[in-house]
Structure formats: structure tokens, C-alpha cells
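**Q** Supplied structure: start16.pdb, PDB, C-alpha atoms.
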```
ATOM      1  CA  MET A   7     160.516  97.739 126.904
ATOM      2  CA  PRO A   8     163.746  99.654 126.145
ATOM      3  CA  PRO A   9     163.559 103.450 125.921
ATOM      4  CA  MET A  10     162.444 104.749 122.544
ATOM      5  CA  THR A  11     165.052 106.514 120.491
ATOM      6  CA  PRO A  12     163.895 109.063 117.923
ATOM      7  CA  GLY A  13     163.338 107.436 114.558
ATOM      8  CA  ALA A  14     163.543 103.903 116.007
ATOM      9  CA  ARG A  15     161.162 101.437 114.377
ATOM     10  CA  ILE A  16     159.320  99.060 116.670
ATOM     11  CA  ASP A  17     156.804  96.401 115.716
ATOM     12  CA  LEU A  18     154.212  95.633 118.372
ATOM     13  CA  THR A  19     152.135  93.245 116.237
ATOM     14  CA  ASN A  20     150.823  90.360 118.401
ATOM     15  CA  GLN A  21     151.297  92.325 121.619
ATOM     16  CA  PHE A  22     148.890  93.576 124.243
ATOM     17  CA  LEU A  23     148.644  97.287 124.921
ATOM     18  CA  ILE A  24     147.605  97.704 128.551
ATOM     19  CA  ALA A  25     146.200 101.119 129.438
ATOM     20  CA  MET A  26     147.980 102.785 132.323
ATOM     21  CA  PRO A  27     145.722 103.854 135.223
ATOM     22  CA  GLY A  28     146.203 107.542 134.353
ATOM     23  CA  MET A  29     144.865 107.054 130.776
ATOM     24  CA  ALA A  30     143.137 110.342 129.969
ATOM     25  CA  ASP A  31     140.987 108.931 127.154
ATOM     26  CA  ASP A  32     137.818 107.393 128.676
ATOM     27  CA  THR A  33     137.488 105.141 125.624
ATOM     28  CA  PHE A  34     140.622 103.264 126.619
ATOM     29  CA  ARG A  35     140.548 103.550 130.424
ATOM     30  CA  GLY A  36     141.136 100.036 131.810
ATOM     31  CA  ALA A  37     141.517  98.592 128.305
ATOM     32  CA  VAL A  38     143.600  95.737 126.999
ATOM     33  CA  VAL A  39     144.119  96.063 123.244
ATOM     34  CA  TYR A  40     145.380  93.210 121.093
ATOM     35  CA  LEU A  41     147.510  94.658 118.275
ATOM     36  CA  CYS A  42     146.700  92.911 114.994
ATOM     37  CA  GLU A  43     149.052  95.042 112.927
ATOM     38  CA  HIS A  44     151.738  97.659 113.560
ATOM     39  CA  THR A  45     153.685  99.118 110.649
ATOM     40  CA  GLU A  46     155.331 102.414 109.762
ATOM     41  CA  LYS A  47     151.872 103.520 108.506
ATOM     42  CA  GLY A  48     150.200 103.047 111.883
ATOM     43  CA  ALA A  49     148.557 100.402 114.043
ATOM     44  CA  LEU A  50     145.292  98.482 114.249
ATOM     45  CA  GLY A  51     144.079  96.685 117.358
ATOM     46  CA  LEU A  52     140.987  95.305 119.068
ATOM     47  CA  VAL A  53     139.962  96.007 122.654
ATOM     48  CA  ILE A  54     139.483  92.544 124.198
ATOM     49  CA  ASN A  55     137.989  93.316 127.607
ATOM     50  CA  LYS A  56     134.985  95.600 127.053
ATOM     51  CA  PRO A  57     131.872  93.525 126.311
ATOM     52  CA  ILE A  58     128.756  95.307 125.082
ATOM     53  CA  ASP A  59     125.089  94.351 125.575
ATOM     54  CA  ILE A  60     124.924  92.125 122.500
ATOM     55  CA  LYS A  61     125.432  88.365 122.484
ATOM     56  CA  LEU A  62     126.684  86.497 119.420
ATOM     57  CA  LYS A  63     123.220  84.986 118.903
ATOM     58  CA  ASN A  64     121.785  88.549 118.603
ATOM     59  CA  LEU A  65     124.495  89.572 116.155
ATOM     60  CA  PHE A  66     123.881  86.497 114.002
ATOM     61  CA  GLU A  67     120.125  87.244 113.957
ATOM     62  CA  LYS A  68     120.861  90.817 112.805
ATOM     63  CA  VAL A  69     122.835  89.545 109.814
ATOM     64  CA  ASP A  70     120.237  86.859 108.969
ATOM     65  CA  LEU A  71     122.322  83.842 109.975
ATOM     66  CA  SER A  72     121.267  80.883 112.081
ATOM     67  CA  THR A  73     122.475  80.954 115.666
ATOM     68  CA  PRO A  74     125.858  79.315 116.255
ATOM     69  CA  PRO A  75     125.887  76.349 118.620
ATOM     70  CA  ALA A  76     126.186  76.860 122.381
ATOM     71  CA  PRO A  77     128.275  77.982 124.189
ATOM     72  CA  LEU A  78     129.390  80.231 121.305
ATOM     73  CA  ALA A  79     125.898  81.739 120.966
ATOM     74  CA  GLU A  80     126.049  83.159 124.495
ATOM     75  CA  GLN A  81     129.425  84.872 124.129
ATOM     76  CA  PRO A  82     129.338  88.671 124.244
ATOM     77  CA  VAL A  83     130.265  90.969 121.396
ATOM     78  CA  TYR A  84     132.975  93.460 122.386
ATOM     79  CA  PHE A  85     133.616  97.152 121.876
ATOM     80  CA  GLY A  86     136.732  96.817 119.719
ATOM     81  CA  GLY A  87     137.519 100.520 119.545
ATOM     82  CA  PRO A  88     136.096 103.843 118.367
ATOM     83  CA  VAL A  89     136.737 103.393 114.607
ATOM     84  CA  GLN A  90     134.038 101.868 112.327
ATOM     85  CA  THR A  91     131.819 100.837 115.243
ATOM     86  CA  GLU A  92     129.112  99.593 112.857
ATOM     87  CA  ARG A  93     131.501  96.998 111.385
ATOM     88  CA  GLY A  94     132.354  93.576 112.802
ATOM     89  CA  PHE A  95     135.858  92.239 113.352
ATOM     90  CA  VAL A  96     136.443  88.575 114.136
ATOM     91  CA  LEU A  97     139.653  87.648 115.931
ATOM     92  CA  HIS A  98     140.066  83.884 115.693
ATOM     93  CA  GLU A  99     142.466  80.979 115.724
ATOM     94  CA  ARG A 100     143.980  80.085 112.368
ATOM     95  CA  GLN A 101     142.345  77.121 110.673
ATOM     96  CA  GLY A 102     144.731  74.733 108.977
ATOM     97  CA  GLU A 103     147.905  75.581 107.144
ATOM     98  CA  GLY A 104     148.314  77.975 104.240
ATOM     99  CA  THR A 105     145.900  80.722 103.295
ATOM    100  CA  SER A 106     142.738  81.434 105.235
ATOM    101  CA  PRO A 107     139.470  79.921 103.998
ATOM    102  CA  TYR A 108     137.838  83.333 104.580
ATOM    103  CA  ASN A 109     137.864  86.518 102.528
ATOM    104  CA  SER A 110     139.244  89.744 103.999
ATOM    105  CA  THR A 111     141.515  88.032 106.512
ATOM    106  CA  LEU A 112     144.694  89.401 108.047
ATOM    107  CA  ALA A 113     147.084  86.693 109.235
ATOM    108  CA  ILE A 114     148.750  88.062 112.362
ATOM    109  CA  ALA A 115     152.477  87.356 112.247
ATOM    110  CA  ASP A 116     153.894  84.729 114.631
ATOM    111  CA  SER A 117     150.606  84.308 116.491
ATOM    112  CA  GLY A 118     148.493  81.491 115.088
ATOM    113  CA  LEU A 119     145.676  84.066 114.953
ATOM    114  CA  GLU A 120     143.789  85.840 112.192
ATOM    115  CA  MET A 121     141.442  88.808 112.039
ATOM    116  CA  THR A 122     138.603  88.526 109.531
ATOM    117  CA  THR A 123     136.123  91.218 108.494
ATOM    118  CA  SER A 124     134.062  89.277 105.932
ATOM    119  CA  LYS A 125     130.706  87.608 106.627
ATOM    120  CA  ASP A 126     131.883  84.177 105.424
ATOM    121  CA  VAL A 127     133.546  83.431 108.782
ATOM    122  CA  LEU A 128     130.203  84.065 110.518
ATOM    123  CA  GLU A 129     128.434  81.834 107.985
ATOM    124  CA  ALA A 130     130.872  79.016 108.749
ATOM    125  CA  MET A 131     130.329  79.494 112.495
ATOM    126  CA  SER A 132     126.528  79.466 112.095
ATOM    127  CA  ASN A 133     126.827  76.064 110.403
ATOM    128  CA  GLY A 134     128.889  74.659 113.273
ATOM    129  CA  ALA A 135     132.099  74.912 111.251
ATOM    130  CA  GLY A 136     134.588  77.738 111.396
ATOM    131  CA  PRO A 137     136.904  78.640 114.243
ATOM    132  CA  LYS A 138     135.981  77.563 117.772
ATOM    133  CA  LYS A 139     138.035  80.203 119.556
ATOM    134  CA  VAL A 140     136.742  83.620 118.524
ATOM    135  CA  LEU A 141     136.362  87.139 119.844
ATOM    136  CA  ILE A 142     134.016  89.371 117.863
ATOM    137  CA  THR A 143     134.100  93.148 118.165
ATOM    138  CA  LEU A 144     132.229  96.068 116.726
ATOM    139  CA  GLY A 145     134.801  98.676 115.805
ATOM    140  CA  TYR A 146     138.561  98.755 116.170
ATOM    141  CA  ALA A 147     141.293 100.915 117.650
ATOM    142  CA  GLY A 148     143.494 102.669 115.112
ATOM    143  CA  TRP A 149     146.565 104.869 115.260
ATOM    144  CA  GLU A 150     148.115 106.916 112.472
ATOM    145  CA  ALA A 151     151.843 106.760 111.733
ATOM    146  CA  GLY A 152     153.808 107.716 114.861
ATOM    147  CA  GLN A 153     150.707 108.221 117.015
ATOM    148  CA  LEU A 154     151.035 105.018 119.044
ATOM    149  CA  GLU A 155     154.768 105.549 119.502
ATOM    150  CA  ASP A 156     153.971 109.022 120.858
ATOM    151  CA  GLU A 157     151.432 107.594 123.326
ATOM    152  CA  LEU A 158     153.968 104.979 124.443
ATOM    153  CA  GLY A 159     156.554 107.704 124.949
ATOM    154  CA  ARG A 160     154.081 109.542 127.214
ATOM    155  CA  ASN A 161     153.567 106.406 129.328
ATOM    156  CA  GLY A 162     149.976 105.872 128.152
ATOM    157  CA  TRP A 163     150.440 102.143 127.607
ATOM    158  CA  LEU A 164     152.412  99.150 128.792
ATOM    159  CA  THR A 165     153.227  96.479 126.201
ATOM    160  CA  VAL A 166     153.744  92.750 126.528
ATOM    161  CA  ASP A 167     153.716  89.723 124.216
ATOM    162  CA  ALA A 168     150.115  88.587 123.816
ATOM    163  CA  ASP A 169     148.823  85.333 125.275
ATOM    164  CA  PRO A 170     145.857  83.854 123.354
ATOM    165  CA  ALA A 171     144.615  82.226 126.582
ATOM    166  CA  ILE A 172     143.854  85.714 127.917
ATOM    167  CA  ILE A 173     141.868  86.558 124.776
ATOM    168  CA  PHE A 174     139.850  83.354 124.515
ATOM    169  CA  ASP A 175     139.898  81.547 127.871
ATOM    170  CA  THR A 176     139.977  84.263 130.557
ATOM    171  CA  PRO A 177     136.814  85.917 131.950
ATOM    172  CA  ASN A 178     136.374  89.541 130.783
ATOM    173  CA  ASP A 179     136.804  91.036 134.234
ATOM    174  CA  LYS A 180     140.144  89.250 134.727
ATOM    175  CA  ARG A 181     141.803  90.096 131.392
ATOM    176  CA  TYR A 182     143.345  93.400 132.503
ATOM    177  CA  ASP A 183     144.918  91.884 135.626
ATOM    178  CA  ARG A 184     146.080  88.768 133.722
ATOM    179  CA  ALA A 185     147.702  90.899 131.028
ATOM    180  CA  LEU A 186     149.529  92.893 133.708
ATOM    181  CA  SER A 187     150.632  89.668 135.381
ATOM    182  CA  LEU A 188     152.497  88.778 132.160
ATOM    183  CA  LEU A 189     154.775  91.685 133.118
ATOM    184  CA  GLY A 190     154.925  90.597 136.768
ATOM    185  CA  ILE A 191     152.872  93.628 137.805
ATOM    186  CA  ASP A 192     150.188  93.704 140.473
ATOM    187  CA  PRO A 193     147.577  96.281 139.339
ATOM    188  CA  ARG A 194     147.389  97.709 142.866
ATOM    189  CA  MET A 195     151.038  98.751 142.545
ATOM    190  CA  LEU A 196     150.457 101.023 139.537
ATOM    191  CA  SER A 197     150.384 104.736 140.225
ATOM    192  CA  GLN A 198     147.760 107.025 138.726
ATOM    193  CA  ASP A 199     150.464 109.655 138.208
ATOM    194  CA  ALA A 200     152.923 108.995 135.389
ATOM    195  CA  GLY A 201     156.490 109.949 136.173
ATOM    196  CA  HIS A 202     156.105 110.064 139.961
ATOM    197  CA  ALA A 203     157.588 107.482 142.308
TER     198      ALA A 203
END
```
Translate this structure into C-alpha cells?
**A**
Amino acid sequence: MPPMTPGARIDLTNQFLIAMPGMADDTFRGAVVYLCEHTEKGALGLVINKPIDIKLKNLFEKVDLSTPPAPLAEQPVYFGGPVQTERGFVLHERQGEGTSPYNSTLAIADSGLEMTTSKDVLEAMSNGAGPKKVLITLGYAGWEAGQLEDELGRNGWLTVDADPAIIFDTPNDKRYDRALSLLGIDPRMLSQDAGHA
């Protein structure tokens, strides 16, 4: 990524944020965040590599829906970030052309992905319809205007174009390393100390 110049506008929508090893915030240590939206007002992303002790079948039971078919039912729910941790966020492949069949859906630019917060996507999945490739989180990661740019300037994150295969087809424990490999980086080569060779 080129050096940031003051006042420069960057758009990291559809990119991975990869936490640097020296990340001071325990919430994001070792995290890979998929950025769903990044505007001048701030950014919204979902952590994609921190499963919690809830499977999709448990989540569907909690919201009074029938269990989705296997293997979907056995997928974990993820910690998406520290904001609105009682609320579900569904990152999924886009279905068909045009507008989403679901309410409260954000189409993520140039990605073929959408993020939905309404229950209708879960209802479709419980009936065997709906998207097949999904990642469901409780909570999201949010940054106010300029906050993410500041963290990038302090070497808190690496950024790279997102690869949906890492989100949907890569085991949880390999997502961090795979995201780094998109940059040609071996995780063992990263220093804990920012700014030191």
C-alpha cells in the first residue's frame, strides 16, 4: 500500500485487514477483518477467523427456526467484532442479479458478496434455500471517520484485496496465514515491533 498522505481518501471496501503481530488491542490480536464498507464516515467490517462456541444449528434454535441442512448446521458462528454483539450479521454470496431478495442487505462493491442483518436470510437458509456460502457473526468491527486511517498509519494493520475462498473455504485456523500469503508474507517473518528492522 502506498504511504498515506494527509487528507488522502482511500477506499478499503472488499479488502482484508490483517492485524499486525504487535496489535495492542486484544480484541483484534491475530484477526482478519473483511471490510464490508469504507467511506469518509468510517468503516464496517467482520472478523472472519474467530469462531465462538455456538454452531449455526444452535443459533437457528434460538431464533425459532428449523435447523439448516448439514453441513451448514455444523458451521460455527463467529465473533464479528465488539460492536452490537447481540446482533447477527450474515456475510454471503450474492444470489442472482439485481437487488437482493433479503431486507437490510448491503451489496459489497465489486465483490459478489452481500452482508445481511435481517432474519429473512436465515429463514431462507432454514428452508434449504438461501445462500450456500455464508459466514455468520455476532457483532461487527466499526471505525469512526479517520480512525481506521489512523490505525493504518500506525502500522496496526496490513491490507490486501479479499479472496472469498479464504472466507468460505479455508479452515478457521488457516485464514490468518492465507490472508498474509496474499501479500507474499510468511507470518514467521513479521516482527512484533513496528518500525524496527
**Q** Mind telling me what the PyMOL selection byres ((chain A and resi 75-82) around 8) catches here, as a PyMOL selection string?
**A** chain A and resi 57-63+73-74+83-84+132+134+138+142
**Q** Keeping only C-alpha atoms, take the residues you just selected and write them out as a compact mmCIF listing (two decimals), in the coordinates of the input.
**A**
```txt
# COMPACT_ATOMS: atom_id res chain seq x y z
CA PRO A 57 131.87 93.52 126.31
CA ILE A 58 128.76 95.31 125.08
CA ASP A 59 125.09 94.35 125.58
CA ILE A 60 124.92 92.12 122.50
CA LYS A 61 125.43 88.36 122.48
CA LEU A 62 126.68 86.50 119.42
CA LYS A 63 123.22 84.99 118.90
CA THR A 73 122.48 80.95 115.67
CA PRO A 74 125.86 79.32 116.26
CA VAL A 83 130.26 90.97 121.40
CA TYR A 84 132.98 93.46 122.39
CA SER A 132 126.53 79.47 112.10
CA GLY A 134 128.89 74.66 113.27
CA LYS A 138 135.98 77.56 117.77
CA ILE A 142 134.02 89.37 117.86
```
**Q** May I ask which of the residues A:Ser72, A:Asn161, A:Thr33, A:Thr45 is the closest one to Trp149 of chain A, counting only C-alpha atoms?
**A**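 Closest candidate: A:Thr45.
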**Q** Tell me, as a ChimeraX atom specification, which residues lie within 12 Å of Leu52 of chain A, counting only C-alpha atoms; anything in the same chain fewer than 5 positions away does not count.
**A** /A:19-24,34,37-43,57,83-91,94-98,121-122,141-149,173
**Q** So how far away is atom CA of Glu92 of chain A from atom CA of Lys68 of chain A, in Å?
**A** 12.0 Å
**Q** Give me, please, the distance in Å between atom CA of Pro137 of chain A and atom CA of Gln101 of chain A, quoted to one decimal.
**A**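 One can read the atom CA of Pro137 of chain A to atom CA of Gln101 of chain A distance as 6.7 Å.
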**Q** Name the residues in contact with Glu120 of chain A at a cut-off of 8 Å, using only C-alpha atoms, excluding same-chain residues fewer than 4 positions from it; report them as a PyMOL selection string.
**A** chain A and resi 97-100+111-114
**Q** Using the chain letters and numbers from this file, what does the PyMOL selection byres ((chain A and resi 183) around 10) select? Give the answer as a list in words.
**A**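 Applied to this file, the PyMOL selection byres ((chain A and resi 183) around 10) returns Ile24, Gly36, Val38, Ile172, Asp179, Lys180, Arg181, Tyr182, Arg184, Ala185, Leu186, Ser187, Leu188, Ile191, Asp192, Pro193 and Arg194 of chain A.
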**Q** Could you take the residues named above and write them with C-alpha atoms, as an mmCIF file, keeping the file's coordinate frame?
**A**
```
data_model
loop_
_atom_site.group_PDB
_atom_site.id
_atom_site.type_symbol
_atom_site.label_atom_id
_atom_site.label_comp_id
_atom_site.auth_asym_id
_atom_site.auth_seq_id
_atom_site.Cartn_x
_atom_site.Cartn_y
_atom_site.Cartn_z
ATOM 1 C CA ILE A 24 147.605 97.704 128.551
ATOM 2 C CA GLY A 36 141.136 100.036 131.810
ATOM 3 C CA VAL A 38 143.600 95.737 126.999
ATOM 4 C CA ILE A 172 143.854 85.714 127.917
ATOM 5 C CA ASP A 179 136.804 91.036 134.234
ATOM 6 C CA LYS A 180 140.144 89.250 134.727
ATOM 7 C CA ARG A 181 141.803 90.096 131.392
ATOM 8 C CA TYR A 182 143.345 93.400 132.503
ATOM 9 C CA ARG A 184 146.080 88.768 133.722
ATOM 10 C CA ALA A 185 147.702 90.899 131.028
ATOM 11 C CA LEU A 186 149.529 92.893 133.708
ATOM 12 C CA SER A 187 150.632 89.668 135.381
ATOM 13 C CA LEU A 188 152.497 88.778 132.160
ATOM 14 C CA ILE A 191 152.872 93.628 137.805
ATOM 15 C CA ASP A 192 150.188 93.704 140.473
ATOM 16 C CA PRO A 193 147.577 96.281 139.339
ATOM 17 C CA ARG A 194 147.389 97.709 142.866
#
```
**Q** Calculate how many Å separate atom CA of Ser110 of chain A from atom CA of Leu71 of chain A, rounding to one decimal.
**A** 18.9 Å
**Q** What residues come out when you apply the PyMOL selection byres ((chain A and resi 154) around 12) to this file, written as a PyMOL selection string?
**A** chain A and resi 10+15-18+23+41+43-51+147-153+155-165
